[in-house]
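One file, structure.txt, carrying compact mmCIF, N, CA and C atoms:
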# COMPACT_ATOMS: atom_id res chain seq x y z
N MET A 1 124.99 107.18 84.14
CA MET A 1 124.27 108.42 83.96
C MET A 1 122.89 108.28 84.60
N ALA A 2 122.71 108.88 85.76
CA ALA A 2 121.42 108.84 86.45
C ALA A 2 120.45 109.80 85.79
N LEU A 3 119.17 109.42 85.83
CA LEU A 3 118.10 110.26 85.31
C LEU A 3 117.18 110.62 86.46
N THR A 4 116.83 111.89 86.54
CA THR A 4 115.90 112.36 87.56
C THR A 4 114.72 113.01 86.88
N VAL A 5 113.53 112.65 87.34
CA VAL A 5 112.30 113.21 86.81
C VAL A 5 111.58 113.91 87.95
N ASN A 6 111.27 115.19 87.74
CA ASN A 6 110.45 115.95 88.69
C ASN A 6 109.04 115.99 88.14
N LEU A 7 108.11 115.42 88.90
CA LEU A 7 106.71 115.42 88.50
C LEU A 7 105.93 116.25 89.50
N ARG A 8 105.21 117.23 89.01
CA ARG A 8 104.33 118.03 89.86
C ARG A 8 102.91 117.56 89.63
N TYR A 9 102.29 117.07 90.70
CA TYR A 9 100.90 116.65 90.66
C TYR A 9 100.05 117.77 91.25
N THR A 10 99.09 118.26 90.48
CA THR A 10 98.22 119.34 90.93
C THR A 10 96.77 118.88 90.87
N GLY A 11 96.05 119.14 91.95
CA GLY A 11 94.64 118.79 92.03
C GLY A 11 93.86 119.92 92.67
N THR A 12 92.74 119.55 93.28
CA THR A 12 91.89 120.52 93.99
C THR A 12 91.45 119.91 95.31
N ASN A 13 91.15 120.78 96.26
CA ASN A 13 90.61 120.36 97.55
C ASN A 13 91.44 119.28 98.24
N GLY A 14 92.76 119.40 98.15
CA GLY A 14 93.64 118.45 98.83
C GLY A 14 93.82 117.11 98.15
N SER A 15 93.38 116.99 96.90
CA SER A 15 93.43 115.68 96.21
C SER A 15 94.86 115.21 95.96
N ALA A 16 95.80 116.11 95.72
CA ALA A 16 97.18 115.68 95.47
C ALA A 16 97.77 115.05 96.73
N LEU A 17 97.50 115.64 97.87
CA LEU A 17 97.99 115.08 99.12
C LEU A 17 97.31 113.74 99.43
N GLU A 18 96.04 113.62 99.12
CA GLU A 18 95.32 112.35 99.31
C GLU A 18 95.89 111.26 98.40
N PHE A 19 96.27 111.64 97.19
CA PHE A 19 96.93 110.72 96.26
C PHE A 19 98.21 110.17 96.88
N VAL A 20 99.05 111.07 97.41
CA VAL A 20 100.31 110.64 98.03
C VAL A 20 100.03 109.72 99.21
N LYS A 21 99.06 110.07 100.02
CA LYS A 21 98.71 109.25 101.18
C LYS A 21 98.32 107.84 100.73
N GLU A 22 97.51 107.74 99.70
CA GLU A 22 97.10 106.41 99.22
C GLU A 22 98.26 105.66 98.58
N MET A 23 99.12 106.37 97.87
CA MET A 23 100.32 105.72 97.30
C MET A 23 101.16 105.10 98.41
N LYS A 24 101.32 105.83 99.52
CA LYS A 24 102.12 105.33 100.63
C LYS A 24 101.39 104.21 101.38
N ASP A 25 100.13 104.45 101.72
CA ASP A 25 99.36 103.47 102.50
C ASP A 25 99.16 102.15 101.77
N SER A 26 99.10 102.19 100.44
CA SER A 26 98.89 100.98 99.65
C SER A 26 100.17 100.16 99.49
N GLY A 27 101.31 100.74 99.87
CA GLY A 27 102.59 100.07 99.72
C GLY A 27 103.24 100.28 98.37
N THR A 28 102.58 101.03 97.50
CA THR A 28 103.11 101.25 96.15
C THR A 28 104.43 102.00 96.19
N VAL A 29 104.54 102.99 97.07
CA VAL A 29 105.79 103.75 97.18
C VAL A 29 106.94 102.82 97.57
N ASP A 30 106.71 101.97 98.55
CA ASP A 30 107.77 101.04 98.97
C ASP A 30 108.16 100.08 97.85
N LEU A 31 107.18 99.63 97.08
CA LEU A 31 107.47 98.73 95.96
C LEU A 31 108.32 99.43 94.90
N ILE A 32 108.00 100.68 94.61
CA ILE A 32 108.77 101.43 93.62
C ILE A 32 110.19 101.66 94.13
N ARG A 33 110.32 102.03 95.38
CA ARG A 33 111.66 102.26 95.95
C ARG A 33 112.51 100.99 95.93
N ALA A 34 111.86 99.83 95.99
CA ALA A 34 112.59 98.56 96.00
C ALA A 34 112.95 98.07 94.60
N GLU A 35 112.44 98.72 93.56
CA GLU A 35 112.75 98.29 92.20
C GLU A 35 114.23 98.47 91.89
N ALA A 36 114.75 97.54 91.11
CA ALA A 36 116.15 97.63 90.67
C ALA A 36 116.35 98.94 89.91
N GLY A 37 117.39 99.67 90.27
CA GLY A 37 117.72 100.90 89.57
C GLY A 37 117.10 102.16 90.15
N ASN A 38 116.16 102.03 91.11
CA ASN A 38 115.58 103.23 91.70
C ASN A 38 116.56 103.82 92.71
N LEU A 39 116.84 105.10 92.54
CA LEU A 39 117.77 105.80 93.42
C LEU A 39 117.06 106.70 94.42
N ARG A 40 115.88 107.19 94.03
CA ARG A 40 115.16 108.13 94.88
C ARG A 40 113.71 108.20 94.44
N TYR A 41 112.81 108.21 95.41
CA TYR A 41 111.38 108.35 95.14
C TYR A 41 110.80 109.06 96.34
N GLU A 42 110.70 110.40 96.26
CA GLU A 42 110.29 111.20 97.40
C GLU A 42 109.29 112.27 96.99
N TYR A 43 108.27 112.46 97.84
CA TYR A 43 107.26 113.49 97.63
C TYR A 43 107.55 114.70 98.51
N TYR A 44 107.24 115.89 97.99
CA TYR A 44 107.40 117.14 98.73
C TYR A 44 106.16 118.01 98.52
N LEU A 45 105.79 118.75 99.56
CA LEU A 45 104.67 119.67 99.47
C LEU A 45 105.17 121.04 99.01
N SER A 46 104.40 121.68 98.14
CA SER A 46 104.75 123.01 97.68
C SER A 46 104.33 124.05 98.72
N LEU A 47 105.23 124.95 99.05
CA LEU A 47 104.88 126.05 99.94
C LEU A 47 104.18 127.17 99.18
N ASP A 48 104.33 127.17 97.86
CA ASP A 48 103.70 128.20 97.03
C ASP A 48 102.29 127.83 96.58
N ASP A 49 102.03 126.54 96.46
CA ASP A 49 100.72 126.09 95.98
C ASP A 49 100.31 124.85 96.77
N PRO A 50 99.43 124.99 97.75
CA PRO A 50 99.05 123.85 98.59
C PRO A 50 98.33 122.73 97.83
N GLU A 51 97.97 122.96 96.59
CA GLU A 51 97.30 121.93 95.78
C GLU A 51 98.29 121.16 94.91
N THR A 52 99.59 121.42 95.08
CA THR A 52 100.62 120.77 94.27
C THR A 52 101.58 119.99 95.14
N VAL A 53 101.89 118.77 94.70
CA VAL A 53 102.88 117.92 95.34
C VAL A 53 103.95 117.62 94.30
N LEU A 54 105.22 117.70 94.71
CA LEU A 54 106.35 117.39 93.83
C LEU A 54 106.86 116.00 94.15
N LEU A 55 107.05 115.19 93.11
CA LEU A 55 107.72 113.90 93.23
C LEU A 55 109.08 114.01 92.57
N ILE A 56 110.13 113.68 93.32
CA ILE A 56 111.47 113.57 92.75
C ILE A 56 111.75 112.08 92.61
N ASP A 57 111.93 111.66 91.38
CA ASP A 57 112.03 110.25 91.02
C ASP A 57 113.33 110.05 90.24
N SER A 58 114.32 109.34 90.83
CA SER A 58 115.61 109.16 90.18
C SER A 58 115.90 107.70 89.91
N TRP A 59 116.53 107.45 88.77
CA TRP A 59 116.83 106.09 88.32
C TRP A 59 118.27 106.02 87.81
N GLU A 60 118.85 104.84 87.89
CA GLU A 60 120.24 104.65 87.45
C GLU A 60 120.41 104.93 85.96
N ASN A 61 119.42 104.58 85.15
CA ASN A 61 119.54 104.75 83.70
C ASN A 61 118.16 104.62 83.05
N GLN A 62 118.10 104.83 81.75
CA GLN A 62 116.84 104.76 81.02
C GLN A 62 116.24 103.37 81.07
N GLU A 63 117.07 102.35 81.02
CA GLU A 63 116.57 100.97 81.09
C GLU A 63 115.79 100.74 82.38
N ALA A 64 116.27 101.24 83.50
CA ALA A 64 115.57 101.06 84.77
C ALA A 64 114.21 101.76 84.74
N ILE A 65 114.15 102.94 84.14
CA ILE A 65 112.87 103.64 84.01
C ILE A 65 111.93 102.85 83.11
N ASP A 66 112.44 102.32 82.02
CA ASP A 66 111.61 101.55 81.09
C ASP A 66 111.02 100.32 81.77
N VAL A 67 111.82 99.64 82.58
CA VAL A 67 111.32 98.47 83.32
C VAL A 67 110.24 98.92 84.31
N HIS A 68 110.47 100.03 84.99
CA HIS A 68 109.47 100.57 85.91
C HIS A 68 108.17 100.89 85.18
N HIS A 69 108.28 101.53 84.02
CA HIS A 69 107.09 101.90 83.26
C HIS A 69 106.31 100.68 82.76
N ALA A 70 106.97 99.55 82.64
CA ALA A 70 106.30 98.32 82.21
C ALA A 70 105.79 97.50 83.40
N SER A 71 106.01 97.97 84.61
CA SER A 71 105.64 97.22 85.81
C SER A 71 104.15 97.38 86.13
N PRO A 72 103.61 96.45 86.92
CA PRO A 72 102.21 96.54 87.33
C PRO A 72 101.91 97.78 88.18
N MET A 73 102.91 98.37 88.78
CA MET A 73 102.69 99.55 89.61
C MET A 73 102.20 100.74 88.79
N MET A 74 102.54 100.76 87.50
CA MET A 74 102.07 101.86 86.66
C MET A 74 100.56 101.86 86.53
N LYS A 75 99.94 100.69 86.53
CA LYS A 75 98.48 100.61 86.49
C LYS A 75 97.89 101.26 87.75
N THR A 76 98.49 100.98 88.89
CA THR A 76 98.05 101.59 90.14
C THR A 76 98.20 103.10 90.06
N LEU A 77 99.35 103.57 89.56
CA LEU A 77 99.58 105.01 89.43
C LEU A 77 98.52 105.66 88.54
N PHE A 78 98.25 105.07 87.38
CA PHE A 78 97.25 105.63 86.46
C PHE A 78 95.88 105.69 87.12
N GLU A 79 95.51 104.61 87.80
CA GLU A 79 94.20 104.57 88.45
C GLU A 79 94.08 105.63 89.54
N LEU A 80 95.12 105.79 90.34
CA LEU A 80 95.06 106.78 91.41
C LEU A 80 95.11 108.21 90.87
N ARG A 81 95.90 108.44 89.84
CA ARG A 81 95.91 109.79 89.25
C ARG A 81 94.53 110.15 88.71
N ASN A 82 93.86 109.19 88.09
CA ASN A 82 92.50 109.44 87.60
C ASN A 82 91.52 109.60 88.75
N LYS A 83 91.63 108.75 89.76
CA LYS A 83 90.73 108.82 90.92
C LYS A 83 90.76 110.21 91.56
N TYR A 84 91.96 110.78 91.67
CA TYR A 84 92.11 112.08 92.31
C TYR A 84 92.14 113.24 91.32
N ASP A 85 91.90 112.96 90.04
CA ASP A 85 91.81 113.96 88.98
C ASP A 85 93.01 114.90 88.99
N LEU A 86 94.20 114.31 88.99
CA LEU A 86 95.42 115.09 89.05
C LEU A 86 95.94 115.43 87.66
N HIS A 87 96.51 116.61 87.56
CA HIS A 87 97.17 117.05 86.34
C HIS A 87 98.66 117.13 86.66
N MET A 88 99.49 116.95 85.63
CA MET A 88 100.92 116.82 85.87
C MET A 88 101.73 117.74 84.98
N SER A 89 102.87 118.15 85.51
CA SER A 89 103.92 118.73 84.68
C SER A 89 105.17 117.93 84.99
N VAL A 90 106.03 117.79 83.99
CA VAL A 90 107.19 116.91 84.12
C VAL A 90 108.43 117.62 83.62
N GLU A 91 109.52 117.48 84.38
CA GLU A 91 110.84 117.93 83.97
C GLU A 91 111.78 116.75 84.13
N ARG A 92 112.68 116.60 83.18
CA ARG A 92 113.60 115.46 83.19
C ARG A 92 115.03 115.97 83.15
N TYR A 93 115.89 115.39 84.02
CA TYR A 93 117.27 115.83 84.13
C TYR A 93 118.21 114.63 84.02
N VAL A 94 119.37 114.87 83.41
CA VAL A 94 120.42 113.86 83.30
C VAL A 94 121.55 114.31 84.20
N SER A 95 122.12 113.37 84.97
CA SER A 95 123.19 113.73 85.90
C SER A 95 124.42 114.24 85.17
N ASP A 96 125.14 115.07 85.85
CA ASP A 96 126.38 115.62 85.34
C ASP A 96 127.50 114.69 85.80
N GLU A 97 128.02 113.91 84.90
CA GLU A 97 129.03 112.91 85.23
C GLU A 97 130.32 113.52 85.78
N GLU A 98 130.59 114.76 85.43
CA GLU A 98 131.82 115.40 85.88
C GLU A 98 131.70 115.91 87.31
N GLY A 99 130.50 115.97 87.83
CA GLY A 99 130.31 116.45 89.18
C GLY A 99 130.19 117.95 89.26
N MET A 100 129.97 118.43 90.45
CA MET A 100 129.79 119.85 90.66
C MET A 100 131.13 120.57 90.60
N PRO A 101 131.22 121.66 89.83
CA PRO A 101 132.48 122.41 89.78
C PRO A 101 132.75 123.10 91.12
N GLU A 102 134.00 123.30 91.41
CA GLU A 102 134.40 123.95 92.66
C GLU A 102 133.77 125.33 92.78
N SER A 103 133.59 126.02 91.66
CA SER A 103 133.00 127.36 91.70
C SER A 103 131.57 127.34 92.24
N ASP A 104 130.86 126.22 92.07
CA ASP A 104 129.52 126.06 92.63
C ASP A 104 129.59 125.49 94.05
N ARG A 105 130.53 124.61 94.28
CA ARG A 105 130.64 123.93 95.57
C ARG A 105 130.86 124.91 96.73
N GLN A 106 131.48 126.05 96.44
CA GLN A 106 131.75 127.02 97.50
C GLN A 106 130.48 127.56 98.16
N PHE A 107 129.32 127.38 97.50
CA PHE A 107 128.07 127.88 98.03
C PHE A 107 127.29 126.83 98.84
N ILE A 108 127.85 125.63 98.93
CA ILE A 108 127.18 124.52 99.61
C ILE A 108 127.73 124.35 101.01
N ARG A 109 126.84 124.32 101.97
CA ARG A 109 127.24 124.05 103.34
C ARG A 109 126.80 122.62 103.68
N GLU A 110 127.75 121.76 103.87
CA GLU A 110 127.44 120.34 104.16
C GLU A 110 127.45 120.08 105.63

Kindly return the structure encoded in the file as C-alpha cells.
Amino acid sequence: MALTVNLRYTGTNGSALEFVKEMKDSGTVDLIRAEAGNLRYEYYLSLDDPETVLLIDSWENQEAIDVHHASPMMKTLFELRNKYDLHMSVERYVSDEEGMPESDRQFIRE
C-alpha cells in the first residue's frame, strides 16, 4: 500500500521557488529520492498561484515515511522552510490496491 503526500509550500516574493532551488542545489532532493522506500519526490509550480509550489512525495509504506521523518534530512527541511518563511498545506492519499476501474481507464490516453 503506497502512500502519497501532496505538500503545498506557499511563500512570498518567490520564496517557495527559492526553497526548491536550494533543496535541489544542496543535494537534499537526491538524498531523499535515494532513501529506501521512496517512490516519487517531485516539485511542480502552480499555474494558479505563482507563490505556491506543490511537492508530490510517495513512499512504499508508513514505515518508509517514518524512517524518512527520523532522518537528518528533516532538519535541513525544517531549516529551509523557516529560512524561506513557507506555510504548508498537506493532503495524504493511500493507493488503491485494486487499481483503476475500467470505467475510469477509458478517459486515459497513454

Exercise: Glu22 (chain A) partners within 12 Å, only C-alpha atoms, chain neighbours under 4 positions left out, as number ranges by chain: A: 15-18, 26-30, 76-77, 79-81, 83-84

Generate the output file for the selected residues, N, CA and C atoms, as a CSV table (one decimal), in the frame of the given file.
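File result.csv, as written:
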chain,number,residue,atom,x,y,z
A,15,SER,N,93.4,117.0,96.9
A,15,SER,CA,93.4,115.7,96.2
A,15,SER,C,94.9,115.2,96.0
A,16,ALA,N,95.8,116.1,95.7
A,16,ALA,CA,97.2,115.7,95.5
A,16,ALA,C,97.8,115.0,96.7
A,17,LEU,N,97.5,115.6,97.9
A,17,LEU,CA,98.0,115.1,99.1
A,17,LEU,C,97.3,113.7,99.4
A,18,GLU,N,96.0,113.6,99.1
A,18,GLU,CA,95.3,112.4,99.3
A,18,GLU,C,95.9,111.3,98.4
A,26,SER,N,99.1,102.2,100.4
A,26,SER,CA,98.9,101.0,99.6
A,26,SER,C,100.2,100.2,99.5
A,27,GLY,N,101.3,100.7,99.9
A,27,GLY,CA,102.6,100.1,99.7
A,27,GLY,C,103.2,100.3,98.4
A,28,THR,N,102.6,101.0,97.5
A,28,THR,CA,103.1,101.2,96.2
A,28,THR,C,104.4,102.0,96.2
A,29,VAL,N,104.5,103.0,97.1
A,29,VAL,CA,105.8,103.8,97.2
A,29,VAL,C,106.9,102.8,97.6
A,30,ASP,N,106.7,102.0,98.6
A,30,ASP,CA,107.8,101.0,99.0
A,30,ASP,C,108.2,100.1,97.8
A,76,THR,N,98.5,101.0,88.9
A,76,THR,CA,98.0,101.6,90.1
A,76,THR,C,98.2,103.1,90.1
A,77,LEU,N,99.4,103.6,89.6
A,77,LEU,CA,99.6,105.0,89.4
A,77,LEU,C,98.5,105.7,88.5
A,79,GLU,N,95.5,104.6,87.8
A,79,GLU,CA,94.2,104.6,88.4
A,79,GLU,C,94.1,105.6,89.5
A,80,LEU,N,95.1,105.8,90.3
A,80,LEU,CA,95.1,106.8,91.4
A,80,LEU,C,95.1,108.2,90.9
A,81,ARG,N,95.9,108.4,89.8
A,81,ARG,CA,95.9,109.8,89.2
A,81,ARG,C,94.5,110.2,88.7
A,83,LYS,N,91.6,108.8,89.8
A,83,LYS,CA,90.7,108.8,90.9
A,83,LYS,C,90.8,110.2,91.6
A,84,TYR,N,92.0,110.8,91.7
A,84,TYR,CA,92.1,112.1,92.3
A,84,TYR,C,92.1,113.2,91.3

Restricting the calculation to only C-alpha atoms, which member of A:Glu35, A:Asp48, A:Asp96, A:Glu110 is positioned closest to Ala64 (chain A)?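 The shortest atom-to-atom distance to Ala64 (chain A) comes from A:Glu35.
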
Using all atoms listed in the file, which residues sit within 8 Å of Ile65 (chain A) once same-chain residues fewer than 6 positions away are excluded, as an NGL selection string? :A and (36-38 or 58-59 or 71)

Could you give me, as an NGL selection string, the residues within 7 Å of Val94 (chain A), counting all atoms listed in the file and dropping anything in the same chain fewer than 3 positions from it? :A and (1-4 or 97)

Just-selected residues, N, CA and C atoms written as a CSV table (one decimal), in the coordinates of the input:
chain,number,residue,atom,x,y,z
A,1,MET,N,125.0,107.2,84.1
A,1,MET,CA,124.3,108.4,84.0
A,1,MET,C,122.9,108.3,84.6
A,2,ALA,N,122.7,108.9,85.8
A,2,ALA,CA,121.4,108.8,86.4
A,2,ALA,C,120.4,109.8,85.8
A,3,LEU,N,119.2,109.4,85.8
A,3,LEU,CA,118.1,110.3,85.3
A,3,LEU,C,117.2,110.6,86.5
A,4,THR,N,116.8,111.9,86.5
A,4,THR,CA,115.9,112.4,87.6
A,4,THR,C,114.7,113.0,86.9
A,97,GLU,N,128.0,113.9,84.9
A,97,GLU,CA,129.0,112.9,85.2
A,97,GLU,C,130.3,113.5,85.8

Strand (DSSP E or B) per DSSP on the backbone: members of region 35-105 of chain A, as a list in words: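 DSSP on the backbone gives strand (DSSP E or B) at Asn38, Leu39, Arg40, Tyr41, Glu42, Tyr43, Tyr44, Leu45, Thr52, Val53, Leu54, Leu55, Ile56, Asp57, Ser58, Trp59, His87, Met88, Ser89, Val90, Glu91, Arg92, Tyr93 and Val94 of chain A.
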
If we count only N, CA and C atoms and set the cut-off at 6.5 Å, which residues sit around Tyr43 (chain A), ignoring sequence neighbours fewer than 4 positions away in its own chain? Please answer as a CSV table (one decimal) with N, CA and C atoms, in the frame of the given file.
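Below is the file that was written, out26.csv:
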chain,number,residue,atom,x,y,z
A,53,VAL,N,101.9,118.8,94.7
A,53,VAL,CA,102.9,117.9,95.3
A,53,VAL,C,104.0,117.6,94.3
A,54,LEU,N,105.2,117.7,94.7
A,54,LEU,CA,106.4,117.4,93.8
A,54,LEU,C,106.9,116.0,94.2
A,55,LEU,N,107.0,115.2,93.1
A,55,LEU,CA,107.7,113.9,93.2
A,55,LEU,C,109.1,114.0,92.6
A,56,ILE,N,110.1,113.7,93.3
A,56,ILE,CA,111.5,113.6,92.8
A,56,ILE,C,111.8,112.1,92.6

Ranking A:Asp57, A:Asp25, A:Asp49, A:Asp85 by minimum distance to Val5 (chain A) and counting only N, CA and C atoms, which one comes first?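 When distances to Val5 (chain A) are compared using only N, CA and C atoms, the smallest one comes from A:Asp57.
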
Just give me the gap between CA of Ser46 (chain A) and atom C of Phe78 (chain A) in Å, one decimal is fine.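 That distance, rounded to one decimal, is 22.1 Å.
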
For CA of Glu91 (chain A) and CA of Lys21 (chain A), quote the distance in Å rounded to one decimal.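 Result for CA of Glu91 (chain A) versus CA of Lys21 (chain A): 22.8 Å, one decimal.
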
One decimal, in Å: what's the spacing between atom N of His87 (chain A) and CA of Val20 (chain A)?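 Taking atom N of His87 (chain A) as the start and CA of Val20 (chain A) as the end point, the length is 12.6 Å.
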
With distances taken over all atoms listed in the file, which residue among A:Thr10, A:Asn82, A:Ser95, A:Ser89 lies nearest Glu51 (chain A)?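 For Glu51 (chain A), the nearest of the given residues is A:Thr10.
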